$ cat coords_20.cif   # mmCIF, C-alpha atoms
data_final
#
loop_
_atom_site.label_atom_id
_atom_site.label_comp_id
_atom_site.auth_asym_id
_atom_site.auth_seq_id
_atom_site.Cartn_x
_atom_site.Cartn_y
_atom_site.Cartn_z
CA MET K 1 0.00 0.00 0.00
CA LYS K 2 1.20 3.50 -0.86
CA LYS K 3 0.65 6.51 1.41
CA PHE K 4 -2.80 8.09 1.16
CA ILE K 5 -5.25 10.50 2.75
CA TYR K 6 -8.89 9.49 2.33
CA GLU K 7 -11.89 11.74 2.88
CA TYR K 8 -15.45 10.99 1.82
CA PRO K 9 -17.61 14.12 1.57
CA THR K 10 -20.94 12.67 0.38
CA LYS K 11 -23.77 11.54 2.66
CA VAL K 12 -25.63 8.63 1.06
CA TYR K 13 -29.33 7.84 1.37
CA PHE K 14 -29.95 4.39 -0.09
CA GLY K 15 -33.18 2.46 -0.60
CA GLU K 16 -36.76 2.68 -1.73
CA GLY K 17 -38.57 5.87 -0.72
CA VAL K 18 -35.51 7.76 0.56
CA VAL K 19 -36.31 10.89 -1.46
CA ARG K 20 -39.78 11.11 0.02
CA ASP K 21 -38.53 10.33 3.52
CA HIS K 22 -35.28 12.31 3.74
CA LEU K 23 -34.85 14.94 0.99
CA ALA K 24 -36.46 17.73 3.06
CA GLU K 25 -34.02 17.21 5.91
CA ALA K 26 -31.09 16.94 3.49
CA VAL K 27 -31.76 20.38 1.96
CA SER K 28 -32.80 22.07 5.19
CA GLY K 29 -29.36 23.50 5.92
CA TYR K 30 -29.08 25.39 2.64
CA GLY K 31 -30.60 28.59 1.28
CA LYS K 32 -34.00 29.11 -0.31
CA ASN K 33 -33.25 29.11 -4.05
CA VAL K 34 -32.70 25.68 -5.61
CA LEU K 35 -31.65 24.96 -9.19
CA LEU K 36 -33.35 21.67 -10.13
CA ALA K 37 -31.41 20.09 -13.00
CA TYR K 38 -32.41 17.19 -15.23
CA GLY K 39 -32.07 15.82 -18.75
CA GLY K 40 -34.53 15.23 -21.54
CA GLY K 41 -37.74 15.16 -19.56
CA SER K 42 -38.24 11.48 -18.66
CA VAL K 43 -38.30 12.46 -14.99
CA LYS K 44 -41.44 14.49 -15.74
CA LYS K 45 -43.15 11.60 -17.48
CA ASN K 46 -42.51 9.05 -14.74
CA GLY K 47 -43.38 11.25 -11.75
CA ILE K 48 -39.88 11.66 -10.28
CA TYR K 49 -39.82 15.38 -11.06
CA ASP K 50 -43.18 15.96 -9.37
CA GLU K 51 -42.11 14.04 -6.26
CA VAL K 52 -38.82 15.91 -5.95
CA LYS K 53 -40.31 19.34 -6.61
CA SER K 54 -43.12 18.69 -4.14
CA VAL K 55 -40.65 17.83 -1.40
CA LEU K 56 -38.53 20.90 -2.16
CA GLU K 57 -41.48 23.28 -2.16
CA GLY K 58 -42.84 21.64 0.99
CA ALA K 59 -39.48 22.44 2.57
CA GLY K 60 -39.94 26.11 1.67
CA LYS K 61 -37.63 26.19 -1.33
CA THR K 62 -38.08 28.24 -4.51
CA VAL K 63 -37.31 25.99 -7.47
CA PHE K 64 -35.77 27.04 -10.78
CA ASP K 65 -35.49 24.47 -13.59
CA PHE K 66 -32.32 23.73 -15.55
CA PHE K 67 -33.26 21.11 -18.16
CA GLY K 68 -32.12 19.56 -21.42
CA ILE K 69 -28.75 18.30 -20.18
CA MET K 70 -27.52 15.92 -22.88
CA SER K 71 -25.97 12.47 -22.51
CA ASN K 72 -22.48 13.85 -23.16
CA PRO K 73 -22.83 17.27 -21.51
CA THR K 74 -21.10 20.14 -23.24
CA TYR K 75 -19.16 23.04 -21.84
CA ALA K 76 -21.71 25.36 -23.49
CA LYS K 77 -24.44 23.69 -21.42
CA VAL K 78 -22.36 24.28 -18.29
CA GLN K 79 -22.25 28.00 -19.09
CA GLU K 80 -26.03 28.03 -19.56
CA GLY K 81 -26.50 26.51 -16.12
CA ALA K 82 -23.99 28.88 -14.53
CA ARG K 83 -25.87 31.88 -15.95
CA LEU K 84 -29.12 30.56 -14.49
CA ALA K 85 -27.48 30.04 -11.12
CA LYS K 86 -26.12 33.57 -11.07
CA ASP K 87 -29.30 35.22 -12.41
CA HIS K 88 -31.50 33.55 -9.77
CA GLY K 89 -29.11 33.78 -6.85
CA VAL K 90 -29.12 30.00 -6.50
CA ASP K 91 -28.13 28.68 -3.07
CA PHE K 92 -28.16 24.98 -3.91
CA ILE K 93 -28.07 22.80 -7.04
CA LEU K 94 -29.93 19.49 -7.13
CA ALA K 95 -29.05 17.16 -10.01
CA VAL K 96 -31.68 14.54 -10.84
CA GLY K 97 -30.44 11.99 -13.36
CA GLY K 98 -27.41 9.94 -14.28
CA GLY K 99 -23.75 10.77 -14.56
CA SER K 100 -24.23 13.30 -17.36
CA VAL K 101 -26.62 15.48 -15.37
CA ILE K 102 -24.54 15.16 -12.21
CA ASP K 103 -21.24 15.92 -13.96
CA CYS K 104 -22.71 18.97 -15.68
CA CYS K 105 -24.01 20.29 -12.36
CA LYS K 106 -20.68 19.75 -10.61
CA ILE K 107 -19.04 22.14 -13.04
CA VAL K 108 -21.99 24.55 -12.98
CA ALA K 109 -21.53 24.67 -9.20
CA ALA K 110 -17.93 25.80 -9.67
CA GLN K 111 -18.52 28.11 -12.65
CA GLY K 112 -21.46 29.71 -10.85
CA LYS K 113 -19.11 31.01 -8.16
CA THR K 114 -16.36 32.49 -10.31
CA GLY K 115 -16.14 35.21 -12.93
CA GLU K 116 -13.29 33.41 -14.70
CA ASP K 117 -13.78 30.92 -17.50
CA LEU K 118 -13.40 27.60 -15.71
CA TRP K 119 -11.94 25.76 -18.72
CA GLU K 120 -9.20 28.35 -19.16
CA MET K 121 -8.63 28.44 -15.41
CA GLU K 122 -8.13 24.68 -15.08
CA MET K 123 -6.71 23.62 -18.43
CA GLU K 124 -4.40 26.55 -19.12
CA LYS K 125 -3.59 28.13 -15.74
CA HIS K 126 -3.86 24.87 -13.76
CA GLN K 127 -5.83 26.68 -11.08
CA TYR K 128 -8.88 25.22 -9.40
CA PRO K 129 -12.03 26.71 -7.85
CA ALA K 130 -11.81 27.51 -4.16
CA GLU K 131 -15.55 28.07 -3.74
CA VAL K 132 -18.59 26.29 -5.22
CA ILE K 133 -22.37 26.40 -4.93
CA PRO K 134 -23.36 23.45 -2.71
CA MET K 135 -25.00 20.62 -4.66
CA GLY K 136 -26.59 17.22 -4.22
CA ALA K 137 -27.60 14.36 -6.49
CA ILE K 138 -30.60 12.10 -6.94
CA VAL K 139 -29.49 9.19 -9.12
CA THR K 140 -31.87 7.79 -11.75
CA ALA K 141 -29.25 5.99 -13.87
CA SER K 142 -26.31 4.41 -12.06
CA GLY K 143 -22.96 3.39 -13.51
CA THR K 144 -20.69 6.41 -13.58
CA GLY K 145 -20.44 6.83 -9.80
CA ALA K 146 -20.57 10.59 -10.46
CA GLU K 147 -22.50 11.17 -7.26
CA MET K 148 -19.53 9.97 -5.21
CA ASN K 149 -16.69 12.37 -6.05
CA GLY K 150 -15.72 15.87 -7.13
CA GLY K 151 -14.56 15.05 -10.64
CA ALA K 152 -16.63 15.62 -13.76
CA VAL K 153 -16.30 14.75 -17.45
CA ILE K 154 -17.33 17.40 -19.96
CA THR K 155 -17.12 17.83 -23.74
CA ASN K 156 -15.74 21.03 -25.21
CA ASP K 157 -17.25 20.92 -28.69
CA GLU K 158 -15.19 23.85 -29.95
CA LYS K 159 -11.91 22.18 -29.03
CA LYS K 160 -13.04 18.58 -29.74
CA ILE K 161 -11.96 17.50 -26.26
CA LYS K 162 -13.84 15.37 -23.77
CA THR K 163 -12.02 15.34 -20.45
CA GLY K 164 -12.23 15.45 -16.69
CA MET K 165 -12.39 18.64 -14.68
CA ALA K 166 -12.17 19.31 -10.95
CA ALA K 167 -15.47 20.59 -9.64
CA ALA K 168 -17.91 20.21 -6.74
CA ALA K 169 -18.49 16.98 -4.82
CA PRO K 170 -22.16 16.39 -3.96
CA ARG K 171 -22.99 17.04 -0.31
CA PHE K 172 -25.47 14.17 -0.46
CA ALA K 173 -26.63 11.48 -2.86
CA PHE K 174 -29.98 9.69 -3.01
CA LEU K 175 -29.85 6.15 -4.42
CA ASP K 176 -33.32 4.64 -4.84
CA PRO K 177 -33.21 1.54 -7.09
CA GLU K 178 -36.85 2.16 -8.03
CA TYR K 179 -35.79 5.38 -9.75
CA THR K 180 -33.67 3.39 -12.22
CA ARG K 181 -36.91 2.09 -13.75
CA SER K 182 -37.15 5.49 -15.43
CA VAL K 183 -34.39 4.76 -17.95
CA PRO K 184 -34.32 2.34 -20.92
CA ARG K 185 -33.00 -1.20 -20.48
CA MET K 186 -29.87 -0.64 -22.55
CA GLN K 187 -28.97 2.45 -20.53
CA VAL K 188 -29.12 0.35 -17.35
CA ILE K 189 -26.87 -2.31 -18.90
CA SER K 190 -24.37 0.17 -20.37
CA GLY K 191 -24.21 1.95 -17.01
CA ALA K 192 -23.38 -1.35 -15.33
CA PHE K 193 -20.58 -1.90 -17.83
CA ASP K 194 -19.21 1.54 -16.98
CA THR K 195 -19.09 0.41 -13.34
CA LEU K 196 -17.23 -2.74 -14.38
CA SER K 197 -14.82 -0.61 -16.41
CA HIS K 198 -14.07 1.65 -13.43
CA ALA K 199 -13.26 -1.33 -11.23
CA MET K 200 -11.21 -3.09 -13.93
CA GLU K 201 -9.13 -0.04 -14.75
CA THR K 202 -8.46 0.66 -11.09
CA TYR K 203 -7.38 -2.96 -10.60
CA PHE K 204 -5.08 -3.07 -13.64
CA GLY K 205 -3.10 -0.02 -12.59
CA ASN K 206 0.61 -0.43 -12.06
CA SER K 207 0.56 -1.33 -8.33
CA ASP K 208 1.81 -3.96 -5.93
CA ALA K 209 0.11 -7.34 -6.25
CA ASP K 210 -0.71 -7.51 -2.53
CA ASN K 211 -2.70 -4.27 -2.42
CA VAL K 212 -5.89 -4.67 -0.33
CA SER K 213 -7.74 -2.38 -2.74
CA ASP K 214 -7.31 -5.06 -5.43
CA ASP K 215 -9.28 -7.54 -3.32
CA VAL K 216 -12.13 -5.06 -2.98
CA ALA K 217 -12.02 -4.24 -6.71
CA LEU K 218 -12.25 -7.93 -7.63
CA ALA K 219 -15.29 -8.32 -5.38
CA ILE K 220 -17.00 -5.32 -7.02
CA MET K 221 -16.22 -6.69 -10.50
CA ARG K 222 -17.55 -10.12 -9.60
CA ASN K 223 -20.74 -8.67 -8.11
CA THR K 224 -21.25 -6.38 -11.10
CA VAL K 225 -20.97 -9.29 -13.55
CA THR K 226 -23.34 -11.43 -11.47
CA ASN K 227 -25.98 -8.72 -11.31
CA MET K 228 -25.63 -7.74 -14.95
CA ARG K 229 -26.52 -11.34 -15.77
CA ARG K 230 -29.45 -11.21 -13.36
CA LEU K 231 -30.79 -8.17 -15.21
CA ILE K 232 -30.28 -9.83 -18.57
CA ARG K 233 -32.61 -12.57 -17.35
CA ASP K 234 -35.06 -10.21 -15.60
CA ILE K 235 -34.78 -6.47 -16.14
CA ASP K 236 -37.22 -5.91 -13.24
CA ASP K 237 -34.99 -7.64 -10.67
CA MET K 238 -34.87 -4.84 -8.09
CA GLN K 239 -32.33 -6.60 -5.90
CA ALA K 240 -29.96 -6.70 -8.86
CA ARG K 241 -30.62 -3.04 -9.65
CA GLY K 242 -29.88 -2.10 -6.05
CA ASN K 243 -26.67 -4.13 -6.03
CA LEU K 244 -25.51 -2.46 -9.23
CA MET K 245 -26.31 0.97 -7.80
CA TRP K 246 -24.06 0.32 -4.84
CA ASP K 247 -21.39 -1.29 -7.05
CA SER K 248 -21.34 1.95 -9.03
CA ALA K 249 -20.96 4.00 -5.87
CA MET K 250 -18.19 1.78 -4.54
CA ALA K 251 -16.30 1.89 -7.82
CA GLU K 252 -15.97 5.68 -7.74
CA ASN K 253 -16.04 6.77 -4.08
CA GLY K 254 -12.27 6.37 -3.86
CA ILE K 255 -12.18 3.15 -1.83
CA LEU K 256 -10.76 1.10 -4.71
CA LYS K 257 -8.06 3.68 -5.44
CA VAL K 258 -6.47 4.25 -2.04
CA GLY K 259 -2.87 3.18 -1.65
CA ARG K 260 -2.38 2.44 -5.35
CA VAL K 261 -2.13 3.90 -8.84
CA THR K 262 -4.76 3.26 -11.49
CA ASP K 263 -5.05 2.64 -15.24
CA PHE K 264 -7.77 4.63 -16.98
CA GLN K 265 -6.43 4.38 -20.52
CA ALA K 266 -9.57 2.80 -21.97
CA HIS K 267 -11.60 5.64 -20.47
CA GLN K 268 -9.28 8.21 -22.02
CA ILE K 269 -9.61 6.59 -25.45
CA GLU K 270 -13.39 6.46 -25.12
CA HIS K 271 -13.57 10.07 -24.00
CA GLN K 272 -11.97 11.23 -27.23
CA LEU K 273 -14.07 8.81 -29.26
CA GLY K 274 -17.08 10.40 -27.57
CA ALA K 275 -15.82 13.90 -28.33
CA TYR K 276 -15.83 13.08 -32.06
CA THR K 277 -18.89 10.81 -32.24
CA ASP K 278 -21.14 11.59 -29.23
CA CYS K 279 -21.44 7.83 -28.64
CA ASN K 280 -22.84 6.39 -25.41
CA HIS K 281 -20.03 6.21 -22.85
CA GLY K 282 -20.62 2.71 -21.48
CA GLN K 283 -21.14 1.32 -24.97
CA GLY K 284 -17.95 2.93 -26.24
CA LEU K 285 -16.08 1.31 -23.36
CA ALA K 286 -17.58 -2.07 -24.25
CA VAL K 287 -16.17 -1.77 -27.77
CA ILE K 288 -12.69 -0.67 -26.65
CA HIS K 289 -11.92 -2.76 -23.57
CA PRO K 290 -11.32 -6.24 -25.07
CA ALA K 291 -9.00 -4.92 -27.79
CA TYR K 292 -7.09 -2.80 -25.29
CA TYR K 293 -6.71 -5.72 -22.89
CA ARG K 294 -5.41 -8.00 -25.63
CA HIS K 295 -2.61 -5.47 -26.12
CA ILE K 296 -1.54 -5.21 -22.47
CA ALA K 297 -2.33 -8.67 -21.06
CA LYS K 298 1.26 -9.90 -21.25
CA ASP K 299 2.45 -6.79 -19.40
CA ALA K 300 0.39 -7.70 -16.32
CA GLU K 301 -0.18 -11.42 -16.84
CA GLU K 302 -0.40 -12.35 -13.16
CA LYS K 303 -3.12 -9.76 -12.56
CA PHE K 304 -5.02 -10.78 -15.69
CA VAL K 305 -4.94 -14.43 -14.60
CA ARG K 306 -6.27 -13.50 -11.17
CA PHE K 307 -8.98 -11.37 -12.80
CA ALA K 308 -9.92 -14.28 -15.06
CA ARG K 309 -10.16 -16.74 -12.16
CA GLU K 310 -11.92 -14.56 -9.60
CA VAL K 311 -14.34 -12.66 -11.84
CA PHE K 312 -15.11 -15.12 -14.64
CA HIS K 313 -13.94 -18.46 -13.17
CA VAL K 314 -11.64 -19.31 -16.08
CA ASP K 315 -7.95 -20.20 -15.95
CA SER K 316 -5.95 -17.91 -18.24
CA ALA K 317 -5.54 -14.25 -19.13
CA GLN K 318 -6.83 -14.81 -22.66
CA ALA K 319 -9.80 -16.80 -21.39
CA GLY K 320 -10.65 -13.91 -19.07
CA ILE K 321 -10.61 -11.43 -21.95
CA ASP K 322 -12.73 -13.84 -24.02
CA ALA K 323 -15.20 -14.12 -21.11
CA LEU K 324 -15.40 -10.32 -20.93
CA THR K 325 -16.13 -10.25 -24.68
CA ASP K 326 -18.83 -12.90 -24.22
CA LEU K 327 -20.44 -10.82 -21.44
CA ILE K 328 -20.55 -7.81 -23.75
CA ARG K 329 -22.31 -9.79 -26.48
CA GLU K 330 -24.58 -11.55 -23.97
CA SER K 331 -25.64 -8.13 -22.64
CA GLY K 332 -26.52 -6.82 -26.09
CA LEU K 333 -23.84 -4.15 -25.84
CA PRO K 334 -22.02 -3.15 -29.03
CA ALA K 335 -18.79 -5.01 -29.71
CA ARG K 336 -17.72 -3.14 -32.86
CA MET K 337 -17.49 0.52 -33.89
CA GLY K 338 -20.16 0.00 -36.50
CA GLU K 339 -22.65 -0.98 -33.79
CA LEU K 340 -22.26 2.34 -31.94
CA LYS K 341 -24.77 5.13 -32.42
CA SER K 342 -22.68 8.01 -33.73
CA ARG K 343 -23.46 11.49 -35.01
CA VAL K 344 -20.81 11.01 -37.75
CA GLU K 345 -19.47 8.10 -39.76
CA ILE K 346 -16.67 6.34 -37.91
CA THR K 347 -13.83 6.05 -40.40
CA PRO K 348 -10.11 5.20 -40.14
CA GLN K 349 -9.38 8.89 -40.59
CA LEU K 350 -11.60 9.82 -37.65
CA LEU K 351 -10.01 7.12 -35.48
CA ARG K 352 -6.59 8.51 -36.34
CA GLN K 353 -7.74 11.86 -34.98
CA VAL K 354 -9.01 10.17 -31.82
CA ALA K 355 -5.68 8.40 -31.32
CA ASP K 356 -3.70 11.57 -31.93
CA THR K 357 -5.66 13.65 -29.39
CA CYS K 358 -6.52 11.29 -26.52
CA ASN K 359 -4.77 11.57 -23.17
CA ILE K 360 -2.06 8.94 -22.62
CA ILE K 361 -1.91 7.35 -19.17
CA ARG K 362 1.49 6.52 -17.67
CA THR K 363 0.34 4.40 -14.72
CA ASN K 364 -1.03 1.46 -16.66
CA PRO K 365 0.90 -1.83 -17.15
CA ARG K 366 2.58 -0.32 -20.22
CA GLU K 367 2.42 3.15 -21.72
CA LEU K 368 0.91 3.10 -25.20
CA SER K 369 2.06 5.04 -28.21
CA ARG K 370 -0.43 6.91 -30.37
CA ASP K 371 0.18 4.43 -33.17
CA GLU K 372 -0.74 1.54 -30.87
CA ILE K 373 -3.88 3.36 -29.73
CA TYR K 374 -4.78 3.69 -33.40
CA GLU K 375 -4.17 -0.05 -33.87
CA ILE K 376 -6.50 -0.77 -30.94
CA LEU K 377 -9.21 1.44 -32.38
CA MET K 378 -8.86 -0.14 -35.83
CA GLU K 379 -9.16 -3.61 -34.28
CA CYS K 380 -12.57 -2.47 -33.02
CA MET K 381 -13.86 -1.67 -36.52
#
$ encode --input "coords_20.cif" --output "structure tokens"
Amino acid sequence: MKKFIYEYPTKVYFGEGVVRDHLAEAVSGYGKNVLLAYGGGSVKKNGIYDEVKSVLEGAGKTVFDFFGIMSNPTYAKVQEGARLAKDHGVDFILAVGGGSVIDCCKIVAAQGKTGEDLWEMEMEKHQYPAEVIPMGAIVTASGTGAEMNGGAVITNDEKKIKTGMAAAAPRFAFLDPEYTRSVPRMQVISGAFDTLSHAMETYFGNSDADNVSDDVALAIMRNTVTNMRRLIRDIDDMQARGNLMWDSAMAENGILKVGRVTDFQAHQIEHQLGAYTDCNHGQGLAVIHPAYYRHIAKDAEEKFVRFAREVFHVDSAQAGIDALTDLIRESGLPARMGELKSRVEITPQLLRQVADTCNIIRTNPRELSRDEIYEILMECM
């Protein structure tokens, strides 16, 4: 184990009915004006919006809507939310949705408290916000673990960059498995694969083999695979949905990362693929992961063998990667670039641009070159 300092800022309310039972007390310590943020409107159709707004107004809050947050939130959308927050003197931001809504609001919370352009501040000056608007999250689509940390992923369309930014950590998070019924089946499955990806990439980082965090990561991976298969058989299995919700939280609340370094190269490749194509994040990861792992398996063979045995109950590194590929196909997730929903045609030329602009991680089993990243992407065609 390496040296670490661990702090967990988010209070979690988990289980059926927690919004109804505890949201009023959770927001009681904050000011009157609340920015209620959500995506395309499904929360209005299924009653979640009405329940949340009723509780907020019953608690004496004035609610302002911030809606239309897209699946890959843009920096322009962040600026829209920040303007709303400033115009209405917002005291608290409540994100209702999945990782996209939560990530967008994290950065709105920071941008809403500064007159500087946050992108320029972080990316060019390497300075970070000292003050943010307090925020909380009500999760309707789990997988990203966005409700559990202060990082956020955003797409800058002008610069063709999708990347992480430092922002606000939610003060609280509500995890009601019933709320995940509000999203389509494939979104639930792709979110679960994102959880699996987080745990896998943490585990495959360049760290000591006897790190206790690895044992926890393997347990989260194994549980995620088990409950993905339960949902494949019965999408209404609420126990499985609840397990996956907590798997997602555990994968990104920092527990798996303490005392070790991590490998998030597949995520970095997918982020740039998403910047050019606007593809679904979890589905992009499903396409990339097997090809990436075939490239690095020999560089961390002992860890890949342990992963194969403990997560998929097979005996070799290659068999583990094959089992991961089988899970992807079994889940109905895309396994090739051509199966992704993309706003543009995915061509070799576009993939070359992705390879040439993605962030390269130096804590994975072996640092990749841009040419090898391009090879990986082409193997996914």
$ atom_distance --input "coords_20.cif" --atom1 "atom CA of Asn223 of chain K" --atom2 "atom CA of Asn211 of chain K"
19.4 Å
$ residues_near_point --input "coords_20.cif" --point "(-13.6, -8.0, -3.7)" --cutoff "12 Å" --atoms "all atoms listed in the file" --output "MDAnalysis selection string"
chainID K and resid 199:200 203 211:224 247 250:251 255:256 306:307 310:311
$ resolve_selection --input "coords_20.cif" --expression "the PyMOL selection byres ((chain K and resi 3-8) around 12)" --output "list in words"
Met1, Lys2, Pro9, Thr10, Lys11, Val12, Glu147, Met148, Asn149, Gly150, Ala169, Pro170, Arg171, Phe172, Asn211, Ala249, Met250, Glu252, Asn253, Gly254, Ile255, Leu256, Lys257, Val258, Gly259, Arg260 and Val261 of chain K
$ resolve_selection --input "coords_20.cif" --expression "the PyMOL selection byres ((chain K and resi 191-195) around 8)" --output "list of chain:residue names"
K:Ala141, K:Ser142, K:Gly143, K:Thr144, K:Gly145, K:Gln187, K:Val188, K:Ile189, K:Ser190, K:Leu196, K:Ser197, K:His198, K:Ala199, K:Thr224, K:Met228, K:Leu244, K:Asp247, K:Ser248, K:Ala251, K:His281, K:Gly282, K:Gln283, K:Leu285, K:Ala286
$ closest_residue --input "coords_20.cif" --among "K:Phe174, K:Thr74, K:Tyr38, K:His126" --to "Asp21 of chain K" --atoms "all atoms listed in the file"
K:Phe174
$ closest_residue --input "coords_20.cif" --among "K:Leu340, K:Ile288, K:Ala297, K:Ile232" --to "Glu375 of chain K" --atoms "only C-alpha atoms"
K:Ile288
$ atom_distance --input "coords_20.cif" --atom1 "atom CA of Ala109 of chain K" --atom2 "atom CA of Pro134 of chain K"
6.9 Å
$ closest_residue --input "coords_20.cif" --among "K:Arg83, K:Arg336, K:Lys113, K:Lys44" --to "Val96 of chain K" --atoms "all atoms listed in the file"
K:Lys44
$ closest_residue --input "coords_20.cif" --among "K:Ala130, K:Leu56, K:Met378, K:Ala308" --to "Tyr30 of chain K" --atoms "all atoms listed in the file"
K:Leu56
$ residues_around --input "coords_20.cif" --residues "segment 351-363 of chain K" --least-positions-apart "2" --cutoff "9 Å" --atoms "all atoms listed in the file" --output "count of residues only"
37
$ atom_distance --input "coords_20.cif" --atom1 "atom CA of Asn243 of chain K" --atom2 "atom CA of Ser28 of chain K"
29.2 Å
$ residues_around --input "coords_20.cif" --residues "Glu131 of chain K" --least-positions-apart "5" --cutoff "10 Å" --atoms "all atoms listed in the file" --output "VMD selection string"
chain K and resid 109 to 114 167 to 168
$ residues_around --input "coords_20.cif" --residues "Phe304 of chain K" --least-positions-apart "4" --cutoff "10 Å" --atoms "all atoms listed in the file" --output "list in words"
Tyr203, Phe204, Tyr293, Ile296, Ala297, Lys298, Asp299, Ala300, Ala308, Arg309, Glu310, Asp315, Ser316, Ala317, Gln318, Ala319, Gly320 and Ile321 of chain K
